[in-house]
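Worksheet: one structure, shown below.
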2 protein chains.
Amino acid sequence: MRDPALLTPSEARGLFREGLVTPTSGWSRGWTQANLIALPRDRAYDFLLFAQRNPKACPVLDVTEPGETSASIFAGDLRTDLPAYRVYENGEPVAEPTDVREHWRDDLVCFLVGCSFTFEAALLEAGVPVRHIEAGTNVPMYRTSRECRPAGALSGPMVVSMRPVPAELVETAARITSRYPAVHGGPVHAGDPAALGIADLDRPDFGDPVDVRPGEVPVFWACGVTPQAAVMRSKPPFAIGHAPGHMAITDARDSAYLVGVPGIVP
Amino acid sequence: MRDPALLTPSEARGLFREGLVTPTSGWSRGWTQANLIALPRDRAYDFLLFAQRNPKACPVLDVTEPGETSASIFAGDLRTDLPAYRVYENGEPVAEPTDVREHWRDDLVCFLVGCSFTFEAALLEAGVPVRHIEAGTNVPMYRTSRECRPAGALSGPMVVSMRPVPAELVETAARITSRYPAVHGGPVHAGDPAALGIADLDRPDFGDPVDVRPGEVPVFWACGVTPQAAVMRSKPPFAIGHAPGHMAITDARDSAYLVGVPGIVP
């Protein structure tokens, strides 16, 4: 197979549509990746408000019309072109299919939420290693003790992703990622997992554990699995999310979400 | 009267509550100013989606629960503590009162939208003059020929504010304001009003005209009156906005919306 980093979004989506299941960290370098949460139209306002109130965890990149299967930044089919999905009924995960056409409903509104995989290329370019890419595993993600601001019927904890960073590069990692607020921006914490209510780094709630080596600091970024944690807590009758780490690869360049670039943006 | 720039948000709101009517540019330096649009709950999703699709013109800072009269970043009374309001019925402005208690409805959701007055202190500090503050007038605002992305029943043109900037300072003005995306960020255009479909700078659609002097370039920023232009076009049964230029002075520091500041933001 060709280097996944060099695949266009359309090529990557084609492989997922044909059934390939893999975490997407490191795929389609230079292109924005997104979390998916699809909710019935009558829950859409609550979610959009939840996202407005929790922008660090839920930066909304795009919203579909009810029943639509593509989006302005995602030319593929949202029902088939992610590597894997989670289907929820009353907050319980009931299936993890690679295609959700048989679960689809015409009243579903899809929200694409920024994903921190997007800024990993910029980290690598600055010499900040990304352990889960080196290891070929999924990023570790954790529920935290930090509550999101609720909205309507939706509440839940903030979820974070973790990357071990050599101590001398933590400031660099914070500086670089803070320029990408639409894909979670700078870290929410560095150092002590207990400060976020995380008991054991080796037992992530989603994804795979990674080694934290001597001289490295665990650095935590807000994560777009937060909407699914809210679904599990708040138990809407129906929802579809991506399988954590198995993202929507969009047609938007990561540079489109880089801020602090001076100039006139028409 | 004390220098309006030195008043706290609470002091400024007290004066407006007592009946003072004035544009708020230059008031309460260091504090974030916001546009108000209040819509019935059954129109709230359309507006929040409209804002998500038009983030340059409609950066949402805060959203109230239906009927609430204060907000997380605005401890005052949203019905009385702005200098002036516009009340709309079916898209027509029907009143411009200084107090909207008699028009209030329990199903109104208030959206506070970032205002470019917020970054004017940073412009002044960098030596970029702000003509309408010098002149003691309201900022000039114009409907443009640029259509917003519609959402549900809401559509309308982008509205812009204009500040004349000495040619050699345009880059500085663009650089500084681009660091404040939540209050419209960098300019959308500099130079040719016709490029935005503006026929005559001396006849703004809202606010007051200002001189553009030899050696100065008219610079245009997206404006939070855009929601009211959408109300006028889309004719929801009822809406309340601020009178253009007569803003909500919030309890949020302008530095809270400064991006590109490296670091860990808990």
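Ordered as shown in the structure tokens, chains take letters A, B, and onward, while each chain numbers its residues from 1 and ligands are numbered from 1 in the order shown.
Omitting Leu6 of chain B and its sequence neighbours fewer than 4 positions away, and counting only C-alpha atoms, the residues within 9 Å are Arg2, Trp27, Ser28 and Arg29 of chain B.
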message: Please check the contacts: residues of chain B at most 9 Å away from chain A, using only C-alpha atoms, listed as a ChimeraX atom specification.
response: /B:44-46,48-49,52-53,60-63,65,151-152,171-181,186-190,259-266
task: Using only C-alpha atoms, determine which residues lie at most 8 Å from segment 67-70 of chain B, disregarding the query and same-chain residues fewer than 6 positions distant; provide the list as a PyMOL selection string.
output: chain B and resi 76-79+105-110
Which neighbours of Pro204 of chain A fall inside 12 Å, counting only C-alpha atoms, when residues of the same chain fewer than 4 positions from it are skipped, and could you give them as an mmCIF file with N, CA and C atoms, in the first residue's frame?
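As a result, result04.cif now contains:
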data_model
loop_
_atom_site.group_PDB
_atom_site.id
_atom_site.type_symbol
_atom_site.label_atom_id
_atom_site.label_comp_id
_atom_site.auth_asym_id
_atom_site.auth_seq_id
_atom_site.Cartn_x
_atom_site.Cartn_y
_atom_site.Cartn_z
ATOM 1 N N ASN A 138 -3.351 3.608 18.001
ATOM 2 C CA ASN A 138 -4.307 4.708 18.148
ATOM 3 C C ASN A 138 -3.852 5.608 19.302
ATOM 4 N N VAL A 139 -4.232 6.886 19.256
ATOM 5 C CA VAL A 139 -3.875 7.811 20.336
ATOM 6 C C VAL A 139 -4.646 7.426 21.604
ATOM 7 N N PRO A 140 -4.028 7.529 22.792
ATOM 8 C CA PRO A 140 -4.792 7.271 24.016
ATOM 9 C C PRO A 140 -5.689 8.460 24.372
ATOM 10 N N MET A 141 -6.928 8.149 24.764
ATOM 11 C CA MET A 141 -7.903 9.188 25.124
ATOM 12 C C MET A 141 -8.518 8.830 26.470
ATOM 13 N N TYR A 142 -8.838 9.862 27.258
ATOM 14 C CA TYR A 142 -9.296 9.663 28.632
ATOM 15 C C TYR A 142 -10.490 10.567 28.930
ATOM 16 N N ARG A 143 -11.486 10.036 29.615
ATOM 17 C CA ARG A 143 -12.483 10.877 30.259
ATOM 18 C C ARG A 143 -11.800 11.613 31.408
ATOM 19 N N THR A 144 -12.130 12.886 31.618
ATOM 20 C CA THR A 144 -11.531 13.641 32.723
ATOM 21 C C THR A 144 -12.586 13.966 33.782
ATOM 22 N N VAL A 159 -13.282 15.010 27.346
ATOM 23 C CA VAL A 159 -12.357 13.927 27.011
ATOM 24 C C VAL A 159 -11.073 14.577 26.487
ATOM 25 N N VAL A 160 -9.935 13.967 26.784
ATOM 26 C CA VAL A 160 -8.658 14.490 26.285
ATOM 27 C C VAL A 160 -7.874 13.397 25.568
ATOM 28 N N SER A 161 -7.016 13.829 24.648
ATOM 29 C CA SER A 161 -6.014 12.918 24.086
ATOM 30 C C SER A 161 -4.684 13.225 24.771
ATOM 31 N N MET A 162 -3.776 12.270 24.770
ATOM 32 C CA MET A 162 -2.479 12.472 25.447
ATOM 33 C C MET A 162 -1.337 12.103 24.515
ATOM 34 N N PRO A 193 -1.472 13.626 35.426
ATOM 35 C CA PRO A 193 -2.768 13.053 35.020
ATOM 36 C C PRO A 193 -3.834 13.220 36.110
ATOM 37 N N ILE A 198 -7.403 11.594 35.977
ATOM 38 C CA ILE A 198 -7.022 10.365 35.260
ATOM 39 C C ILE A 198 -6.195 9.498 36.205
ATOM 40 N N ALA A 199 -6.690 8.309 36.518
ATOM 41 C CA ALA A 199 -6.054 7.471 37.538
ATOM 42 C C ALA A 199 -4.851 6.712 36.976
ATOM 43 N N ASP A 200 -4.950 6.275 35.722
ATOM 44 C CA ASP A 200 -3.917 5.380 35.196
ATOM 45 C C ASP A 200 -3.743 5.621 33.698
ATOM 46 N N ASP A 208 -5.386 3.387 22.411
ATOM 47 C CA ASP A 208 -4.358 2.482 22.945
ATOM 48 C C ASP A 208 -3.413 3.230 23.884
ATOM 49 N N PRO A 209 -2.870 2.527 24.906
ATOM 50 C CA PRO A 209 -1.853 3.175 25.746
ATOM 51 C C PRO A 209 -0.558 3.358 24.966
ATOM 52 N N VAL A 210 0.246 4.356 25.376
ATOM 53 C CA VAL A 210 1.598 4.524 24.813
ATOM 54 C C VAL A 210 2.584 4.678 25.959
ATOM 55 N N PRO A 244 -13.636 6.161 17.996
ATOM 56 C CA PRO A 244 -12.551 7.067 18.396
ATOM 57 C C PRO A 244 -11.236 6.754 17.677
#
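The gap separating atom CA of Phe111 of chain B from atom CA of Asn90 of chain B is 18.8 Å, in Å to one decimal.
Computed from the coordinates, the atom CA of Glu134 of chain B to atom CA of Cys223 of chain B distance equals 20.3 Å.
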Apply DSSP to the structure's backbone, then extract all residues of segment 140-242 of chain B labelled strand (DSSP E or B) and return them as a PDB file with N, CA, C and O atoms, in the first residue's frame.
ATOM      1  N   MET B 141     -20.930  51.799   8.832  1.00  0.00           N
ATOM      2  CA  MET B 141     -21.173  50.386   8.508  1.00  0.00           C
ATOM      3  C   MET B 141     -21.950  50.301   7.194  1.00  0.00           C
ATOM      4  O   MET B 141     -22.784  51.162   6.908  1.00  0.00           O
ATOM      5  N   TYR B 142     -21.673  49.260   6.424  1.00  0.00           N
ATOM      6  CA  TYR B 142     -22.236  49.143   5.076  1.00  0.00           C
ATOM      7  C   TYR B 142     -22.722  47.726   4.817  1.00  0.00           C
ATOM      8  O   TYR B 142     -22.022  46.760   5.150  1.00  0.00           O
ATOM      9  N   ARG B 143     -23.875  47.603   4.198  1.00  0.00           N
ATOM     10  CA  ARG B 143     -24.260  46.318   3.605  1.00  0.00           C
ATOM     11  C   ARG B 143     -23.338  46.077   2.408  1.00  0.00           C
ATOM     12  O   ARG B 143     -23.046  47.003   1.666  1.00  0.00           O
ATOM     13  N   THR B 144     -22.911  44.822   2.209  1.00  0.00           N
ATOM     14  CA  THR B 144     -22.048  44.529   1.059  1.00  0.00           C
ATOM     15  C   THR B 144     -22.790  43.648   0.049  1.00  0.00           C
ATOM     16  O   THR B 144     -23.897  43.169   0.306  1.00  0.00           O
ATOM     17  N   SER B 145     -22.118  43.428  -1.075  1.00  0.00           N
ATOM     18  CA  SER B 145     -22.677  42.527  -2.093  1.00  0.00           C
ATOM     19  C   SER B 145     -22.297  41.078  -1.805  1.00  0.00           C
ATOM     20  O   SER B 145     -22.626  40.180  -2.579  1.00  0.00           O
ATOM     21  N   ARG B 146     -21.595  40.843  -0.697  1.00  0.00           N
ATOM     22  CA  ARG B 146     -21.232  39.460  -0.341  1.00  0.00           C
ATOM     23  C   ARG B 146     -22.349  38.816   0.442  1.00  0.00           C
ATOM     24  O   ARG B 146     -22.714  39.279   1.519  1.00  0.00           O
ATOM     25  N   GLU B 147     -22.848  37.725  -0.088  1.00  0.00           N
ATOM     26  CA  GLU B 147     -23.911  36.975   0.585  1.00  0.00           C
ATOM     27  C   GLU B 147     -23.317  36.083   1.673  1.00  0.00           C
ATOM     28  O   GLU B 147     -22.298  35.421   1.454  1.00  0.00           O
ATOM     29  N   ALA B 151     -28.776  29.684   6.385  1.00  0.00           N
ATOM     30  CA  ALA B 151     -29.029  28.575   7.317  1.00  0.00           C
ATOM     31  C   ALA B 151     -30.516  28.585   7.625  1.00  0.00           C
ATOM     32  O   ALA B 151     -31.039  29.583   8.121  1.00  0.00           O
ATOM     33  N   LEU B 154     -32.782  31.729   7.438  1.00  0.00           N
ATOM     34  CA  LEU B 154     -31.991  32.970   7.548  1.00  0.00           C
ATOM     35  C   LEU B 154     -31.016  33.138   6.391  1.00  0.00           C
ATOM     36  O   LEU B 154     -30.208  32.252   6.104  1.00  0.00           O
ATOM     37  N   PRO B 157     -26.953  39.670   3.506  1.00  0.00           N
ATOM     38  CA  PRO B 157     -25.621  40.114   3.091  1.00  0.00           C
ATOM     39  C   PRO B 157     -24.695  40.279   4.289  1.00  0.00           C
ATOM     40  O   PRO B 157     -25.145  40.504   5.410  1.00  0.00           O
ATOM     41  N   MET B 158     -23.390  40.170   4.058  1.00  0.00           N
ATOM     42  CA  MET B 158     -22.428  40.530   5.096  1.00  0.00           C
ATOM     43  C   MET B 158     -22.413  42.043   5.246  1.00  0.00           C
ATOM     44  O   MET B 158     -22.414  42.779   4.260  1.00  0.00           O
ATOM     45  N   VAL B 159     -22.432  42.508   6.493  1.00  0.00           N
ATOM     46  CA  VAL B 159     -22.259  43.928   6.799  1.00  0.00           C
ATOM     47  C   VAL B 159     -20.813  44.121   7.240  1.00  0.00           C
ATOM     48  O   VAL B 159     -20.229  43.233   7.877  1.00  0.00           O
ATOM     49  N   VAL B 160     -20.225  45.267   6.886  1.00  0.00           N
ATOM     50  CA  VAL B 160     -18.851  45.561   7.304  1.00  0.00           C
ATOM     51  C   VAL B 160     -18.792  46.920   7.998  1.00  0.00           C
ATOM     52  O   VAL B 160     -19.623  47.798   7.753  1.00  0.00           O
ATOM     53  N   SER B 161     -17.792  47.061   8.867  1.00  0.00           N
ATOM     54  CA  SER B 161     -17.440  48.389   9.379  1.00  0.00           C
ATOM     55  C   SER B 161     -16.207  48.869   8.620  1.00  0.00           C
ATOM     56  O   SER B 161     -15.475  48.063   8.044  1.00  0.00           O
ATOM     57  N   MET B 162     -16.016  50.191   8.596  1.00  0.00           N
ATOM     58  CA  MET B 162     -14.870  50.727   7.839  1.00  0.00           C
ATOM     59  C   MET B 162     -14.084  51.696   8.724  1.00  0.00           C
ATOM     60  O   MET B 162     -14.659  52.525   9.430  1.00  0.00           O
ATOM     61  N   ARG B 163     -12.751  51.556   8.671  1.00  0.00           N
ATOM     62  CA  ARG B 163     -11.852  52.505   9.328  1.00  0.00           C
ATOM     63  C   ARG B 163     -10.809  52.940   8.304  1.00  0.00           C
ATOM     64  O   ARG B 163     -10.164  52.079   7.688  1.00  0.00           O
ATOM     65  N   PRO B 164     -10.623  54.257   8.122  1.00  0.00           N
ATOM     66  CA  PRO B 164      -9.542  54.710   7.226  1.00  0.00           C
ATOM     67  C   PRO B 164      -8.208  54.542   7.935  1.00  0.00           C
ATOM     68  O   PRO B 164      -8.073  54.947   9.088  1.00  0.00           O
ATOM     69  N   VAL B 165      -7.244  53.929   7.255  1.00  0.00           N
ATOM     70  CA  VAL B 165      -5.940  53.647   7.869  1.00  0.00           C
ATOM     71  C   VAL B 165      -4.848  54.205   6.959  1.00  0.00           C
ATOM     72  O   VAL B 165      -4.886  53.981   5.744  1.00  0.00           O
ATOM     73  N   PRO B 166      -3.875  54.928   7.527  1.00  0.00           N
ATOM     74  CA  PRO B 166      -2.747  55.385   6.693  1.00  0.00           C
ATOM     75  C   PRO B 166      -2.121  54.187   5.976  1.00  0.00           C
ATOM     76  O   PRO B 166      -1.919  53.127   6.600  1.00  0.00           O
ATOM     77  N   HIS B 189     -11.318  43.207   3.549  1.00  0.00           N
ATOM     78  CA  HIS B 189     -10.897  43.905   2.337  1.00  0.00           C
ATOM     79  C   HIS B 189     -10.238  45.225   2.722  1.00  0.00           C
ATOM     80  O   HIS B 189     -10.576  45.826   3.741  1.00  0.00           O
ATOM     81  N   ALA B 190      -9.307  45.669   1.879  1.00  0.00           N
ATOM     82  CA  ALA B 190      -8.740  47.009   2.046  1.00  0.00           C
ATOM     83  C   ALA B 190      -8.623  47.633   0.670  1.00  0.00           C
ATOM     84  O   ALA B 190      -8.172  46.972  -0.263  1.00  0.00           O
ATOM     85  N   PHE B 206     -25.446  52.162   8.148  1.00  0.00           N
ATOM     86  CA  PHE B 206     -25.619  52.308   9.600  1.00  0.00           C
ATOM     87  C   PHE B 206     -24.463  53.186  10.090  1.00  0.00           C
ATOM     88  O   PHE B 206     -23.380  53.178   9.511  1.00  0.00           O
ATOM     89  N   GLU B 216      -4.663  57.728   2.975  1.00  0.00           N
ATOM     90  CA  GLU B 216      -5.343  56.720   3.784  1.00  0.00           C
ATOM     91  C   GLU B 216      -6.093  55.720   2.899  1.00  0.00           C
ATOM     92  O   GLU B 216      -6.542  56.054   1.800  1.00  0.00           O
ATOM     93  N   VAL B 217      -6.221  54.521   3.412  1.00  0.00           N
ATOM     94  CA  VAL B 217      -6.887  53.434   2.699  1.00  0.00           C
ATOM     95  C   VAL B 217      -8.126  53.031   3.517  1.00  0.00           C
ATOM     96  O   VAL B 217      -8.000  52.822   4.726  1.00  0.00           O
ATOM     97  N   PRO B 218      -9.294  52.907   2.900  1.00  0.00           N
ATOM     98  CA  PRO B 218     -10.430  52.400   3.670  1.00  0.00           C
ATOM     99  C   PRO B 218     -10.266  50.895   3.909  1.00  0.00           C
ATOM    100  O   PRO B 218     -10.051  50.132   2.969  1.00  0.00           O
ATOM    101  N   VAL B 219     -10.323  50.499   5.169  1.00  0.00           N
ATOM    102  CA  VAL B 219     -10.139  49.087   5.532  1.00  0.00           C
ATOM    103  C   VAL B 219     -11.447  48.582   6.135  1.00  0.00           C
ATOM    104  O   VAL B 219     -12.068  49.266   6.958  1.00  0.00           O
ATOM    105  N   PHE B 220     -11.864  47.395   5.688  1.00  0.00           N
ATOM    106  CA  PHE B 220     -13.202  46.881   6.013  1.00  0.00           C
ATOM    107  C   PHE B 220     -13.102  45.616   6.851  1.00  0.00           C
ATOM    108  O   PHE B 220     -12.384  44.678   6.488  1.00  0.00           O
ATOM    109  N   TRP B 221     -13.853  45.601   7.948  1.00  0.00           N
ATOM    110  CA  TRP B 221     -13.927  44.418   8.806  1.00  0.00           C
ATOM    111  C   TRP B 221     -15.367  43.888   8.826  1.00  0.00           C
ATOM    112  O   TRP B 221     -16.327  44.697   8.800  1.00  0.00           O
ATOM    113  N   ALA B 222     -15.544  42.600   8.885  1.00  0.00           N
ATOM    114  CA  ALA B 222     -16.885  42.032   9.040  1.00  0.00           C
ATOM    115  C   ALA B 222     -17.511  42.587  10.312  1.00  0.00           C
ATOM    116  O   ALA B 222     -16.810  42.902  11.281  1.00  0.00           O
ATOM    117  N   PHE B 238     -40.385  38.081  14.932  1.00  0.00           N
ATOM    118  CA  PHE B 238     -39.984  39.009  15.979  1.00  0.00           C
ATOM    119  C   PHE B 238     -38.478  38.914  16.216  1.00  0.00           C
ATOM    120  O   PHE B 238     -37.895  37.831  16.114  1.00  0.00           O
ATOM    121  N   ALA B 239     -37.851  40.025  16.530  1.00  0.00           N
ATOM    122  CA  ALA B 239     -36.431  40.036  16.896  1.00  0.00           C
ATOM    123  C   ALA B 239     -36.122  41.343  17.601  1.00  0.00           C
ATOM    124  O   ALA B 239     -36.801  42.360  17.393  1.00  0.00           O
ATOM    125  N   ILE B 240     -35.094  41.301  18.439  1.00  0.00           N
ATOM    126  CA  ILE B 240     -34.566  42.524  19.040  1.00  0.00           C
ATOM    127  C   ILE B 240     -33.064  42.525  18.801  1.00  0.00           C
ATOM    128  O   ILE B 240     -32.386  41.511  19.016  1.00  0.00           O
ATOM    129  N   GLY B 241     -32.526  43.667  18.357  1.00  0.00           N
ATOM    130  CA  GLY B 241     -31.079  43.836  18.251  1.00  0.00           C
ATOM    131  C   GLY B 241     -30.665  45.087  19.003  1.00  0.00           C
ATOM    132  O   GLY B 241     -31.512  45.858  19.466  1.00  0.00           O
ATOM    133  N   HIS B 242     -29.347  45.277  19.119  1.00  0.00           N
ATOM    134  CA  HIS B 242     -28.858  46.570  19.613  1.00  0.00           C
ATOM    135  C   HIS B 242     -28.987  47.585  18.487  1.00  0.00           C
ATOM    136  O   HIS B 242     -29.026  47.205  17.306  1.00  0.00           O
TER     137      HIS B 242
END
query: Near Glu18 of chain A, counting only C-alpha atoms, which residues have an atom at most 10 Å away, once you skip same-chain residues fewer than 2 positions from it, shown as JSON, numbers by chain?
result: {"A": [13, 14, 15, 16, 20, 21, 80, 81, 83, 98, 99]}
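Residue nearest Ala122 of chain A within the list A:Pro4, A:Gly30, A:Gly156, A:Pro23: A:Gly30 [criterion: smallest interatomic distance, only C-alpha atoms].
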message: Can you pull out every residue from segment 111-227 of chain A that DSSP, working from the backbone, puts in helix (DSSP H, G or I), and format the result as a PyMOL selection string?
response: chain A and resi 116-125+131-135+167-177+181-183+193-196+226-227
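The space separating atom CA of Gly26 of chain A from atom CA of Met232 of chain A comes to 28.1 Å.
The nearest approach to Glu168 of chain A among the residues A:Val128, A:Val183, A:Tyr85, A:His246, with only C-alpha atoms taken into account, belongs to A:Val128.
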